[in-house]
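Q: I am sharing protein28.txt, which consists of compact mmCIF, C-alpha atoms:
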```txt
# COMPACT_ATOMS: atom_id res chain seq x y z
CA MET U 1 76.34 93.47 69.25
CA ALA U 2 77.18 91.01 72.07
CA PHE U 3 76.58 88.07 69.70
CA VAL U 4 78.75 89.60 66.97
CA TYR U 5 81.54 90.34 69.44
CA SER U 6 81.42 86.80 70.88
CA ALA U 7 81.45 85.28 67.39
CA LEU U 8 84.46 87.36 66.37
CA LEU U 9 86.23 86.48 69.60
CA ALA U 10 85.60 82.78 68.99
CA VAL U 11 86.90 83.02 65.42
CA GLY U 12 90.00 84.88 66.62
CA LEU U 13 90.61 82.25 69.30
CA LEU U 14 90.31 79.42 66.78
CA LEU U 15 92.64 81.10 64.28
CA SER U 16 95.25 81.74 66.96
CA LEU U 17 94.91 78.27 68.49
CA PRO U 18 98.15 76.97 66.92
CA TYR U 19 100.07 79.78 68.63
CA TRP U 20 98.59 78.97 72.05
CA LEU U 21 99.30 75.27 71.59
CA ILE U 22 102.92 75.97 70.65
CA GLN U 23 103.33 78.21 73.68
CA MET U 24 101.89 75.48 75.89
CA MET U 25 104.19 72.81 74.47
CA ARG U 26 107.39 74.86 74.27
CA HIS U 27 107.16 77.00 77.38
CA GLY U 28 104.30 75.54 79.43
CA LYS U 29 102.41 78.83 79.15
CA TYR U 30 98.61 79.04 79.53
CA ARG U 31 98.34 75.37 80.55
CA ALA U 32 97.90 76.20 84.22
CA GLY U 33 94.37 77.18 85.11
CA LEU U 34 92.92 76.19 81.74
CA ARG U 35 89.81 74.67 83.30
CA GLN U 36 89.27 77.78 85.38
CA ARG U 37 89.64 79.98 82.30
CA LEU U 38 86.92 77.91 80.64
CA GLY U 39 84.47 78.44 83.51
CA LYS U 40 85.25 75.67 86.00
CA VAL U 41 84.89 77.41 89.37
CA PRO U 42 87.25 75.96 92.00
CA GLY U 43 85.47 74.59 95.03
CA TYR U 44 87.17 76.95 97.48
CA LEU U 45 85.39 79.92 95.91
CA LYS U 46 81.92 78.52 96.55
CA GLU U 47 80.72 80.28 99.69
CA SER U 48 77.49 81.95 100.70
CA ARG U 49 79.12 85.30 101.53
CA PRO U 50 78.99 88.01 98.85
CA ALA U 51 82.30 88.85 97.28
CA ILE U 52 84.36 91.78 96.14
CA TRP U 53 86.09 90.62 92.95
CA VAL U 54 89.43 92.29 92.13
CA HIS U 55 91.00 91.53 88.75
CA ALA U 56 94.73 92.14 88.20
CA VAL U 57 96.24 90.86 84.95
CA SER U 58 99.84 90.16 85.93
CA VAL U 59 102.60 90.90 88.43
CA GLY U 60 102.58 94.69 88.03
CA GLU U 61 98.84 94.95 88.56
CA VAL U 62 98.89 92.53 91.49
CA LEU U 63 101.53 94.64 93.21
CA ALA U 64 99.60 97.84 92.46
CA VAL U 65 96.31 96.64 93.98
CA SER U 66 97.84 94.87 96.99
CA GLY U 67 97.24 97.83 99.28
CA VAL U 68 93.69 98.24 98.00
CA VAL U 69 92.93 94.54 98.58
CA GLY U 70 94.27 94.78 102.12
CA GLU U 71 92.13 97.81 102.92
CA LEU U 72 88.98 96.27 101.38
CA ARG U 73 89.46 93.16 103.51
CA ARG U 74 89.83 95.30 106.60
CA ARG U 75 86.82 97.50 105.88
CA TYR U 76 84.45 94.78 104.58
CA PRO U 77 84.94 91.71 106.80
CA GLN U 78 81.47 90.47 105.81
CA HIS U 79 82.66 90.08 102.21
CA ARG U 80 85.20 87.76 100.64
CA VAL U 81 87.77 89.71 98.67
CA VAL U 82 88.92 87.45 95.84
CA VAL U 83 91.52 88.16 93.18
CA SER U 84 91.74 86.90 89.60
CA THR U 85 94.77 87.10 87.33
CA THR U 86 95.46 86.28 83.70
CA THR U 87 99.15 85.32 83.70
CA ASP U 88 100.85 82.48 85.54
CA THR U 89 103.39 84.83 87.14
CA GLY U 90 100.58 87.07 88.36
CA GLN U 91 98.79 84.01 89.74
CA ARG U 92 101.83 82.88 91.73
CA LEU U 93 102.38 86.31 93.25
CA ALA U 94 98.67 86.76 94.04
CA ARG U 95 98.53 83.39 95.80
CA LYS U 96 101.56 84.33 97.85
CA ARG U 97 100.08 87.70 98.82
CA PHE U 98 96.38 86.91 99.23
CA GLY U 99 96.20 83.16 99.92
CA ASP U 100 95.50 80.14 97.71
CA ASP U 101 91.82 80.07 98.65
CA SER U 102 91.18 83.60 97.37
CA VAL U 103 92.90 83.55 93.96
CA PHE U 104 91.87 82.12 90.58
CA TYR U 105 92.37 82.56 86.85
CA PHE U 106 90.19 85.10 85.06
CA PRO U 107 87.72 83.38 82.70
CA LEU U 108 87.77 83.85 78.94
CA ASP U 109 85.36 86.56 77.79
CA PHE U 110 82.55 84.18 76.85
CA ALA U 111 79.24 84.01 78.67
CA PHE U 112 79.58 80.27 79.34
CA ALA U 113 82.89 80.89 81.17
CA ILE U 114 81.88 84.04 83.04
CA ARG U 115 78.41 83.15 84.35
CA PRO U 116 79.55 80.31 86.67
CA TYR U 117 81.85 82.74 88.49
CA LEU U 118 79.19 85.40 88.85
CA ASP U 119 76.72 82.78 90.15
CA ALA U 120 79.26 81.41 92.64
CA LEU U 121 80.67 84.71 93.91
CA HIS U 122 77.64 87.05 93.81
CA PRO U 123 79.99 90.05 93.69
CA SER U 124 78.60 93.32 94.97
CA LEU U 125 81.68 95.13 93.67
CA VAL U 126 84.07 94.34 90.81
CA VAL U 127 87.41 96.18 90.82
CA ILE U 128 89.48 96.01 87.63
CA ALA U 129 93.09 97.16 87.56
CA GLU U 130 94.23 99.39 84.68
CA THR U 131 92.52 98.67 81.34
CA GLU U 132 90.90 95.24 81.17
CA PHE U 133 87.82 96.19 79.16
CA TRP U 134 86.22 92.81 78.38
CA PRO U 135 82.76 93.60 76.93
CA ASN U 136 80.95 90.38 77.88
CA PHE U 137 82.36 90.39 81.39
CA LEU U 138 81.38 94.02 82.00
CA ARG U 139 77.88 93.46 80.61
CA LEU U 140 77.21 90.28 82.56
CA ALA U 141 78.67 91.58 85.84
CA ALA U 142 76.54 94.73 85.62
CA GLY U 143 73.52 92.58 84.75
CA LYS U 144 74.02 90.69 88.02
CA GLY U 145 73.87 93.97 89.94
CA ALA U 146 77.57 94.39 90.66
CA ARG U 147 79.01 97.88 90.83
CA ILE U 148 82.09 98.08 88.60
CA ALA U 149 85.19 100.23 89.10
CA VAL U 150 88.32 100.47 86.97
CA VAL U 151 91.20 101.61 89.19
CA ASN U 152 94.68 102.84 88.32
CA ALA U 153 93.28 103.28 84.82
CA ARG U 154 95.74 104.18 82.10
CA ILE U 155 95.89 104.20 78.33
CA SER U 156 99.46 104.10 77.08
CA ASP U 157 100.67 105.92 74.00
CA ARG U 158 101.24 102.55 72.41
CA SER U 159 97.68 101.29 72.89
CA TRP U 160 95.94 104.62 72.35
CA PRO U 161 95.53 104.34 68.54
CA GLY U 162 93.98 100.89 68.90
CA TYR U 163 91.51 102.04 71.52
CA ARG U 164 90.47 104.93 69.31
CA ARG U 165 89.78 102.58 66.41
CA LEU U 166 87.58 100.42 68.66
CA ARG U 167 85.82 103.27 70.47
CA ARG U 168 82.33 102.39 69.14
CA LEU U 169 82.56 98.91 70.61
CA LEU U 170 84.30 100.19 73.74
CA ALA U 171 81.71 102.92 74.36
CA ARG U 172 79.00 100.28 74.72
CA ALA U 173 81.14 98.24 77.10
CA LEU U 174 82.24 101.21 79.19
CA GLU U 175 78.63 102.21 79.83
CA HIS U 176 78.57 99.39 82.39
CA VAL U 177 81.45 100.85 84.42
CA ASP U 178 80.29 102.97 87.38
CA LEU U 179 83.65 104.53 88.25
CA PHE U 180 87.00 105.11 86.57
CA LEU U 181 89.96 106.17 88.70
CA ALA U 182 92.59 107.37 86.23
CA GLN U 183 96.29 107.75 86.92
CA THR U 184 96.63 111.15 85.22
CA GLU U 185 94.64 113.88 83.51
CA THR U 186 95.83 112.54 80.15
CA ASP U 187 94.40 109.13 81.00
CA ARG U 188 91.16 110.73 82.14
CA SER U 189 90.67 112.61 78.86
CA ARG U 190 91.53 109.51 76.81
CA LEU U 191 89.01 107.42 78.73
CA VAL U 192 86.30 109.99 78.02
CA GLU U 193 87.24 110.10 74.34
CA ILE U 194 86.77 106.34 73.94
CA GLY U 195 83.37 106.37 75.60
CA ALA U 196 83.60 106.58 79.40
CA VAL U 197 80.84 108.71 80.92
CA PRO U 198 82.68 111.94 81.89
CA GLU U 199 80.95 112.24 85.28
CA ARG U 200 82.24 108.81 86.23
CA VAL U 201 85.91 109.52 85.61
CA GLN U 202 88.21 110.86 88.35
CA VAL U 203 91.96 111.21 88.72
CA SER U 204 93.32 109.41 91.80
CA GLY U 205 97.03 109.01 90.98
CA ASN U 206 99.16 105.94 90.38
CA LEU U 207 98.83 103.05 92.84
CA LYS U 208 102.30 101.84 91.93
CA PHE U 209 103.83 104.78 93.80
CA ASP U 210 102.40 103.27 97.01
CA VAL U 211 103.70 99.73 96.52
CA PRO U 212 106.05 98.93 99.43
CA LEU U 213 109.17 96.89 98.89
CA PRO U 214 108.78 93.19 99.69
CA THR U 215 110.83 91.64 102.44
CA ALA U 216 114.42 91.38 101.27
CA PRO U 217 115.28 87.81 100.23
CA PRO U 218 118.34 86.29 101.96
CA ILE U 219 120.25 86.26 98.66
CA VAL U 220 120.67 90.04 98.79
CA ALA U 221 122.78 89.93 101.95
CA SER U 222 124.78 87.02 100.52
CA LEU U 223 125.47 88.87 97.29
CA ARG U 224 126.43 92.04 99.14
CA THR U 225 128.93 90.07 101.21
CA ALA U 226 130.36 88.40 98.11
CA ILE U 227 130.68 91.71 96.27
CA GLU U 228 132.31 93.54 99.16
CA GLY U 229 134.55 90.61 100.03
CA ALA U 230 135.91 90.45 96.49
CA GLY U 231 136.34 94.22 96.21
CA ALA U 232 134.00 94.13 93.21
CA GLY U 233 132.44 97.21 91.70
CA PRO U 234 131.00 99.36 90.46
CA VAL U 235 127.76 97.35 90.29
CA ILE U 236 125.34 97.88 87.42
CA VAL U 237 121.89 96.26 87.60
CA CYS U 238 120.04 95.87 84.31
CA GLY U 239 116.48 94.73 85.04
CA SER U 240 113.62 93.49 82.86
CA THR U 241 115.76 93.36 79.73
CA VAL U 242 114.32 92.07 76.46
CA ASP U 243 115.43 90.44 73.23
CA ASP U 244 117.82 92.59 71.14
CA GLU U 245 118.63 94.69 74.21
CA GLU U 246 121.20 92.51 75.96
CA PRO U 247 123.77 92.79 73.11
CA LEU U 248 123.71 96.59 73.49
CA LEU U 249 124.12 96.32 77.25
CA LEU U 250 126.90 93.75 77.08
CA ARG U 251 128.91 95.83 74.62
CA ALA U 252 128.59 98.80 76.97
CA PHE U 253 129.68 96.59 79.88
CA GLU U 254 132.79 95.49 77.99
CA ASN U 255 133.74 99.19 77.85
CA VAL U 256 133.12 99.45 81.59
CA LEU U 257 135.40 96.47 82.25
CA ALA U 258 138.21 98.20 80.38
CA SER U 259 138.18 100.98 83.02
CA TYR U 260 136.86 98.98 85.98
CA PRO U 261 138.19 95.40 85.77
CA ARG U 262 136.27 94.38 88.94
CA ALA U 263 132.92 95.74 87.73
CA LEU U 264 129.84 93.55 88.10
CA LEU U 265 126.78 93.54 85.84
CA ILE U 266 123.66 91.99 87.38
CA LEU U 267 121.52 91.11 84.36
CA ALA U 268 117.86 90.13 84.84
CA PRO U 269 116.01 89.25 81.60
CA ARG U 270 112.30 90.00 81.64
CA HIS U 271 111.04 86.61 80.41
CA PRO U 272 112.12 83.33 82.06
CA GLU U 273 112.04 81.42 78.75
CA ARG U 274 114.99 83.58 77.58
CA PHE U 275 117.38 82.68 80.42
CA VAL U 276 119.10 79.95 78.41
CA GLN U 277 119.34 82.18 75.33
CA VAL U 278 121.05 84.96 77.29
CA ALA U 279 123.44 82.47 78.93
CA GLN U 280 124.43 81.23 75.47
CA ALA U 281 125.06 84.82 74.33
CA LEU U 282 127.36 85.38 77.31
CA GLU U 283 129.29 82.21 76.49
CA GLN U 284 129.71 83.28 72.86
CA LEU U 285 131.03 86.69 73.91
CA GLY U 286 133.51 85.07 76.28
CA ILE U 287 132.35 87.17 79.25
CA GLN U 288 132.79 85.55 82.65
CA PHE U 289 129.37 84.96 84.18
CA TRP U 290 127.57 83.19 86.99
CA ARG U 291 124.00 81.90 86.88
CA ARG U 292 122.11 83.05 89.95
CA SER U 293 120.35 79.66 90.25
CA LEU U 294 123.74 77.90 90.47
CA TRP U 295 125.67 80.53 92.45
CA SER U 296 126.81 79.19 95.81
CA GLY U 297 128.60 82.12 97.39
CA GLU U 298 131.82 82.37 95.39
CA PRO U 299 133.37 85.86 94.98
CA LEU U 300 131.92 88.08 92.27
CA GLY U 301 133.48 90.76 90.12
CA GLY U 302 134.79 91.24 86.62
CA GLY U 303 131.77 89.63 84.99
CA VAL U 304 128.02 89.14 84.84
CA LEU U 305 125.60 87.64 87.33
CA LEU U 306 122.74 86.30 85.19
CA VAL U 307 119.55 86.39 87.25
CA ASP U 308 117.73 83.27 86.09
CA THR U 309 115.33 83.29 89.04
CA ILE U 310 112.00 85.03 89.67
CA GLY U 311 110.93 87.56 92.29
CA GLU U 312 114.29 88.99 93.43
CA LEU U 313 114.84 91.95 91.12
CA ALA U 314 113.11 94.55 93.33
CA TRP U 315 115.81 94.09 95.98
CA LEU U 316 118.73 93.43 93.64
CA TYR U 317 118.44 97.10 92.63
CA ALA U 318 119.62 97.91 96.16
CA LEU U 319 123.06 96.57 95.21
CA ALA U 320 123.42 98.93 92.26
CA ASP U 321 125.55 101.98 91.74
CA VAL U 322 123.60 102.53 88.54
CA ALA U 323 120.36 100.82 87.48
CA PHE U 324 119.09 100.39 83.94
CA VAL U 325 115.40 99.51 83.46
CA GLY U 326 114.87 97.48 80.32
CA GLY U 327 112.47 97.23 77.44
CA SER U 328 113.46 100.80 76.64
CA LEU U 329 116.55 100.73 74.41
CA VAL U 330 114.44 98.90 71.82
CA PRO U 331 110.80 99.73 70.98
CA ARG U 332 109.02 97.68 73.66
CA GLY U 333 107.56 100.55 75.70
CA GLY U 334 109.80 100.22 78.74
CA HIS U 335 109.20 98.98 82.28
CA ASN U 336 108.59 100.56 85.65
CA ILE U 337 111.37 102.65 87.21
CA ILE U 338 109.80 102.78 90.68
CA GLU U 339 111.71 99.83 92.16
CA PRO U 340 115.20 101.31 91.69
CA ALA U 341 113.86 104.70 92.81
CA GLN U 342 112.77 103.10 96.11
CA HIS U 343 116.43 102.38 96.80
CA GLY U 344 117.63 105.85 95.81
CA VAL U 345 119.66 104.44 92.93
CA ALA U 346 120.70 106.46 89.87
CA ILE U 347 118.44 105.32 87.02
CA LEU U 348 119.04 105.04 83.29
CA VAL U 349 116.38 104.18 80.70
CA GLY U 350 116.29 104.12 76.93
CA ASN U 351 114.13 106.41 74.84
CA HIS U 352 111.24 103.94 74.36
CA THR U 353 109.23 104.46 77.54
CA GLU U 354 105.71 104.79 76.13
CA ASN U 355 104.21 102.30 78.60
CA PHE U 356 105.34 104.48 81.52
CA ARG U 357 105.34 107.89 79.86
CA ASP U 358 103.84 109.74 82.83
CA ILE U 359 106.16 108.26 85.44
CA VAL U 360 109.25 108.82 83.30
CA SER U 361 108.09 112.33 82.40
CA LEU U 362 107.59 113.17 86.07
CA PHE U 363 111.08 111.93 86.96
CA GLN U 364 112.60 113.72 83.97
CA GLY U 365 110.99 116.98 85.05
CA ARG U 366 112.76 116.66 88.40
CA ASP U 367 116.10 115.56 86.92
CA ALA U 368 115.63 112.18 88.61
CA VAL U 369 116.31 109.86 85.65
CA ARG U 370 118.52 109.83 82.57
CA VAL U 371 116.82 108.99 79.26
CA VAL U 372 119.23 108.01 76.50
CA GLY U 373 119.31 106.37 73.10
CA PRO U 374 121.37 103.25 72.28
CA ALA U 375 124.30 105.30 70.97
CA GLU U 376 124.42 107.53 74.07
CA PHE U 377 123.96 104.77 76.63
CA PRO U 378 127.63 103.67 76.99
CA LEU U 379 128.86 107.27 77.33
CA VAL U 380 126.24 108.32 79.90
CA LEU U 381 126.81 105.12 81.86
CA MET U 382 130.54 105.81 82.06
CA GLU U 383 129.93 109.43 83.06
CA LEU U 384 127.72 108.36 85.97
CA LEU U 385 130.16 105.70 87.12
CA SER U 386 133.00 108.22 87.15
CA ASN U 387 131.09 111.00 88.94
CA ASP U 388 130.15 109.92 92.46
CA ALA U 389 128.51 113.23 93.39
CA GLU U 390 126.24 113.39 90.33
CA ARG U 391 125.33 109.71 90.60
CA SER U 392 124.36 110.06 94.27
CA ALA U 393 122.37 113.23 93.62
CA LEU U 394 120.46 111.57 90.79
CA GLY U 395 119.51 108.70 93.09
CA ARG U 396 118.44 111.05 95.90
CA ARG U 397 116.20 112.99 93.52
CA ALA U 398 114.60 109.72 92.36
CA ALA U 399 113.77 108.69 95.93
CA GLU U 400 112.40 112.15 96.77
CA THR U 401 110.25 112.22 93.63
CA LEU U 402 108.76 108.90 94.63
CA ARG U 403 107.91 110.12 98.13
CA THR U 404 105.99 113.12 96.80
CA GLN U 405 103.60 110.91 94.81
CA ALA U 406 102.23 108.71 97.60
CA GLY U 407 98.52 108.59 98.48
CA ALA U 408 96.75 106.95 95.53
CA THR U 409 95.76 103.90 97.60
CA ALA U 410 93.91 105.98 100.20
CA ARG U 411 92.13 107.98 97.48
CA THR U 412 91.16 104.80 95.64
CA VAL U 413 89.73 103.06 98.71
CA ALA U 414 87.75 106.17 99.67
CA ALA U 415 86.19 106.30 96.20
CA LEU U 416 85.37 102.57 96.28
CA GLU U 417 83.69 102.99 99.68
CA LYS U 418 81.35 105.61 98.19
CA LEU U 419 80.59 103.29 95.29
CA GLN U 420 79.93 100.35 97.62
CA ALA U 421 77.62 102.40 99.84
CA PRO U 422 73.91 101.56 99.52
CA LYS U 423 72.18 103.51 96.75
```
Translate the structure described by the file into structure tokens.
A:
Amino acid sequence: MAFVYSALLAVGLLLSLPYWLIQMMRHGKYRAGLRQRLGKVPGYLKESRPAIWVHAVSVGEVLAVSGVVGELRRRYPQHRVVVSTTTDTGQRLARKRFGDDSVFYFPLDFAFAIRPYLDALHPSLVVIAETEFWPNFLRLAAGKGARIAVVNARISDRSWPGYRRLRRLLARALEHVDLFLAQTETDRSRLVEIGAVPERVQVSGNLKFDVPLPTAPPIVASLRTAIEGAGAGPVIVCGSTVDDEEPLLLRAFENVLASYPRALLILAPRHPERFVQVAQALEQLGIQFWRRSLWSGEPLGGGVLLVDTIGELAWLYALADVAFVGGSLVPRGGHNIIEPAQHGVAILVGNHTENFRDIVSLFQGRDAVRVVGPAEFPLVLMELLSNDAERSALGRRAAETLRTQAGATARTVAALEKLQAPK
């Protein structure tokens, strides 16, 4: 089975090679860390101490496990706690949070790429965030004697049908996992259905509820001064927006401008390679806009601030009267609403929130978010902007809902300590 899987993976990689090459040439993606992905272990990882290996795919997972990594480092000073990521953005954030000498790119799921890392690190514990079920990696790590835990485990509505189709292959891989810490009861039952040993699956909550806000970047104070000084407002922050979504948002904002000529839309596209495309769309629509990367303190209001920088969105939500979280007005599954909730901001999302169904459902049940379709969005936005009391109450309920969900980090670390204890 391992040979068949590896052969199919190799064939799939070869067939998709043109896509990866195009992405490398056009956007510079996947070029960074290529040698590491192919099994070249960086020298700074070669130490005699045993390691705890934490794998977090991208930015969201890195943020989620940050508290866990910190606690593991505190409780196991005799171990190195190292972190691997898959994406470049995840790699940059992980290096910033955990140090350059503790972070590397996760190897491709081939034995020749994985074994050098296992031989160099000698991990006693492997901690995988969410649902990175790589069969060869799980098999080889277990074969080296590592205990394996999947934390903050979730199976989204969108990926659930695919996991069910692959459950025979997955069941064999999941046999190597010693502990699953699921976000919800739904995730727990889905994990069991695709092959996780029931006795090894627990519900520990969502680590993302425990993620603290980063230190506010200086730009936030500068923007606040510029907004207040120009008498701009209301302020709408649309974060993590995707292709086909910005036209809907910009049309709604044109309606807002008709009633509030000094309104400001802070627009943060999800993918950096789309910054130029969105700027061109703004030019074509004739909407006044400023590019965040070129903004030098001039007054704002009556237009759009295009956020063409990385790593500032979490605090830009603090400037909002209303926040919209993207990837949800079109069928992309949505993005996390926790960051605007941390600021007590009234939150709007579209009706495609499959990737965060449990979080959105929780907030909906407490009247702490508004879920709307594309046709309703402009009307609901205007209603919130015109009703200060309702807008403020919605934001307060969002912040309170968030506070009630804390504690997953402590539960996760306690479970990992039991797993790490001598047998």
Q: Enter the distance from CA of Gln36 in chain U to CA of Val126 in chain U, in Å, rounded to one decimal.
A: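 These atoms are spaced 18.2 Å apart.
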Q: Write out as a VMD selection string the residues lying within 10 Å of Arg251 in chain U, counting all atoms listed in the file and excluding same-chain residues fewer than 4 positions away.
A: chain U and resid 246 to 247 255 to 256 285 378
Q: What is the CA of Val349 in chain U-CA of Gly239 in chain U distance in Å, reported with one decimal?
A: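 Interatomic distance here is 10.4 Å.
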Q: Would you mind telling me which residue in U:Leu313, U:Ala142, U:Leu267, U:Ala415 lies nearest to Ile219 in chain U when using only C-alpha atoms?
A: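 Ranking U:Leu313, U:Ala142, U:Leu267, U:Ala415 by distance to Ile219 in chain U, first place goes to U:Leu313.
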Q: Using all atoms listed in the file, determine which residues lie at most 7 Å from range 221-231 of chain U, disregarding the query and same-chain residues fewer than 5 positions distant; provide the list as a PDB file with C-alpha atoms, in the coordinates of the input.
A:
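As written to disk, selection_16.pdb reads:
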```pdb
ATOM      1  CA  GLY U 297     128.600  82.120  97.390  1.00  0.00           C
ATOM      2  CA  GLU U 298     131.820  82.370  95.390  1.00  0.00           C
ATOM      3  CA  PRO U 299     133.370  85.860  94.980  1.00  0.00           C
ATOM      4  CA  LEU U 300     131.920  88.080  92.270  1.00  0.00           C
ATOM      5  CA  GLY U 301     133.480  90.760  90.120  1.00  0.00           C
ATOM      6  CA  LEU U 319     123.060  96.570  95.210  1.00  0.00           C
TER       7      LEU U 319
END
```
Q: Check the smallest atom-to-atom distance from each of U:Ser328, U:Gln288, U:Thr184, U:Ser204 to Asp244 in chain U using all atoms listed in the file, then report the winner.
A: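 Closest candidate: U:Ser328.
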Q: Within 12 Å of (131.6, 99.6, 80.7), all atoms listed in the file: residues as a PyMOL selection string?
A: chain U and resi 233-236+248-265+302-304+322+377-386
Q: Could you pull the residues within 9 Å of Val360 in chain U, counting all atoms listed in the file, minus those fewer than 4 positions along the same chain, as a ChimeraX atom specification?
A: /U:336-337,349,353-354,356,364-365,368-369,371
Q: Name all residues at most 8 Å from range 85-97 of chain U (count only C-alpha atoms; drop same-chain ones fewer than 5 positions away) and give them as a VMD selection string.
A: chain U and resid 29 to 30 32 55 to 60 62 66 102 to 106
Q: CA of Gly145 in chain U and CA of Ala171 in chain U, how far apart in Å?
A: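 Atom-to-atom, CA of Ala171 in chain U and CA of Gly145 in chain U are spaced 19.6 Å apart.
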Q: Which of these residues is nearest to Asn152 in chain U, using all atoms listed in the file: U:Phe209, U:Phe110, U:Tyr117, U:Trp290?
A: U:Phe209
